[in-house]
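The block underneath contains the structure these notes are about, expressed in structure tokens.
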Amino acid sequence: MYDDFPAELTTERLSLRRWRPADAEDYRALWAERDHRAVRRIDADGNPTVEEVRGWLTDNPLAAEPGLGLLPIELRSTGEFLGYCGLTVGQATYDEPEIAYELAQRAHGHGYATEAARAVLEAAARTGRQRLWATVREWNAPSFRVLEKLGFKHSGRVTEDAERGNSIWMTRRLDQL
């Protein structure tokens, strides 16, 4: 019903591509930097390990459901790993997936998340989908700024979580690109 989300995207400064087993250390490092309220973090026993992450990336180099993908982001000029961006079912649906992105702290404040997410948004529209979702913890002001730049609006839906912070559901129609 939908075209597959592309496994490679390019912007002026960035390349997004399939995961490689060699990305495991960089991907795990993102987990280590996450806010203490995040659901997926390195646990007290050090899990997931680099080898566990490498196994995930080997088994599923798009790190998402078939037809979707979370793609690592690299600087085109140097190949430096910055984070990832793409589409996943997440808390949404296959027909109306979530856009997701995460950047290493050293990559914050340079517009990379907005640039990568804009490319993903445009690619999502080309798959034939009509709408995307994003869920953002209420304390994550930088993610709200990225989504607002991309035209996402508050949907009025909130998933309450007193421990980690409420998730605010943002949405974007793709037929308005």
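Going through the structure tokens in order, the chains are called A, B, and so on, while each chain numbers its residues from 1 and the ligands are numbered from 1 in the order shown.
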Checklist line | Non-local contacts of A:Ser155 (12 Å; only C-alpha atoms; under 4 positions in same chain excluded) as an MDAnalysis selection string | finding: chainID A and resid 131:136 159 167:173
Can I get the selected residues back with N, CA, C and O atoms, as an mmCIF file, in the first residue's frame?
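Contents of part-v4.cif, as written:
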data_model
loop_
_atom_site.group_PDB
_atom_site.id
_atom_site.type_symbol
_atom_site.label_atom_id
_atom_site.label_comp_id
_atom_site.auth_asym_id
_atom_site.auth_seq_id
_atom_site.Cartn_x
_atom_site.Cartn_y
_atom_site.Cartn_z
ATOM 1 N N ARG A 131 0.058 11.255 7.174
ATOM 2 C CA ARG A 131 0.322 11.942 8.435
ATOM 3 C C ARG A 131 1.399 11.218 9.223
ATOM 4 O O ARG A 131 1.509 10.006 9.158
ATOM 5 N N LEU A 132 2.181 12.001 9.968
ATOM 6 C CA LEU A 132 3.181 11.471 10.894
ATOM 7 C C LEU A 132 2.851 11.936 12.304
ATOM 8 O O LEU A 132 2.197 12.964 12.502
ATOM 9 N N TRP A 133 3.376 11.194 13.252
ATOM 10 C CA TRP A 133 3.265 11.521 14.671
ATOM 11 C C TRP A 133 4.656 11.685 15.243
ATOM 12 O O TRP A 133 5.634 11.192 14.680
ATOM 13 N N ALA A 134 4.731 12.329 16.375
ATOM 14 C CA ALA A 134 5.945 12.385 17.184
ATOM 15 C C ALA A 134 5.486 12.439 18.630
ATOM 16 O O ALA A 134 4.524 13.142 18.950
ATOM 17 N N THR A 135 6.130 11.670 19.475
ATOM 18 C CA THR A 135 5.856 11.762 20.908
ATOM 19 C C THR A 135 7.103 12.314 21.572
ATOM 20 O O THR A 135 8.206 11.842 21.316
ATOM 21 N N VAL A 136 6.892 13.343 22.381
ATOM 22 C CA VAL A 136 8.010 14.048 23.010
ATOM 23 C C VAL A 136 7.686 14.233 24.485
ATOM 24 O O VAL A 136 6.589 14.670 24.832
ATOM 25 N N THR A 159 0.076 11.327 26.847
ATOM 26 C CA THR A 159 0.213 10.071 27.580
ATOM 27 C C THR A 159 0.882 10.422 28.900
ATOM 28 O O THR A 159 2.039 10.838 28.916
ATOM 29 N N SER A 167 4.200 12.331 27.866
ATOM 30 C CA SER A 167 4.516 12.368 26.438
ATOM 31 C C SER A 167 3.448 13.177 25.727
ATOM 32 O O SER A 167 2.252 12.898 25.847
ATOM 33 N N ILE A 168 3.888 14.201 25.015
ATOM 34 C CA ILE A 168 3.007 15.053 24.242
ATOM 35 C C ILE A 168 3.007 14.536 22.805
ATOM 36 O O ILE A 168 4.064 14.340 22.211
ATOM 37 N N TRP A 169 1.824 14.323 22.262
ATOM 38 C CA TRP A 169 1.684 13.825 20.896
ATOM 39 C C TRP A 169 1.594 15.007 19.944
ATOM 40 O O TRP A 169 0.685 15.824 20.034
ATOM 41 N N MET A 170 2.548 15.070 19.020
ATOM 42 C CA MET A 170 2.577 16.089 17.972
ATOM 43 C C MET A 170 2.219 15.383 16.653
ATOM 44 O O MET A 170 2.499 14.195 16.485
ATOM 45 N N THR A 171 1.643 16.121 15.727
ATOM 46 C CA THR A 171 1.272 15.516 14.446
ATOM 47 C C THR A 171 1.536 16.494 13.302
ATOM 48 O O THR A 171 1.584 17.703 13.489
ATOM 49 N N ARG A 172 1.695 15.912 12.107
ATOM 50 C CA ARG A 172 1.964 16.713 10.890
ATOM 51 C C ARG A 172 1.314 16.025 9.719
ATOM 52 O O ARG A 172 1.571 14.849 9.433
ATOM 53 N N ARG A 173 0.445 16.737 9.012
ATOM 54 C CA ARG A 173 -0.140 16.244 7.772
ATOM 55 C C ARG A 173 0.932 16.358 6.683
ATOM 56 O O ARG A 173 1.618 17.360 6.593
#
Next item on the list: For A:Met1, please output as number ranges by chain all residues within 10 Å (counting only C-alpha atoms; exclusion window: fewer than 5 positions along the same chain).
Entry: A: 95, 127-129
Margin query: When you look at A:Glu51 with a cut-off of 9 Å (counting only C-alpha atoms), what residues show up, excluding the ones that are within fewer than 3 positions of it in the same chain? I need them as JSON, numbers by chain.
Written below: {"A": [24, 25, 48, 54, 55, 56]}
Margin query: Considering only strand (DSSP E or B) as DSSP defines it on the backbone, what residues of stretch 37-124 of chain A qualify? List them as a list in words.
Written below: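 Restricting stretch 37-124 of chain A to strand (DSSP E or B) produces Gly69, Leu70, Leu71, Pro72, Ile73, Glu74, Leu75, Phe81, Leu82, Gly83, Tyr84, Cys85, Gly86, Leu87, Thr88, Glu98, Ile99, Ala100, Tyr101, Glu102 and Leu103 of chain A.
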Counting only C-alpha atoms, which residues of stretch 11-41 of chain A sit at most 8 Å from some atom of stretch 67-74 of chain A, and what is each one's closest atom pair with its distance in Å to one decimal, listed by chain and rising residue number, as a Markdown table?
| residue | atom | partner | partner_atom | distance |
| --- | --- | --- | --- | --- |
| A:Leu14 | CA | A:Glu74 | CA | 5.6 |
| A:Ser15 | CA | A:Glu74 | CA | 5.2 |
| A:Leu16 | CA | A:Ile73 | CA | 4.7 |
| A:Arg17 | CA | A:Leu71 | CA | 5.3 |
| A:Arg18 | CA | A:Leu71 | CA | 5.6 |
| A:Trp19 | CA | A:Pro72 | CA | 6.2 |
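Among the candidate residues A:Glu163, A:Glu148, A:Asp3, A:Asp43, the one lying nearest to A:Pro66 is A:Asp3, with distances computed using only C-alpha atoms.
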Next item on the list: Please run DSSP on the backbone and report, as a PyMOL selection string, all residues within stretch 21-173 of chain A that come out as alpha helix (DSSP H).
Entry: chain A and resi 24-33+50-59+112-126+141-149
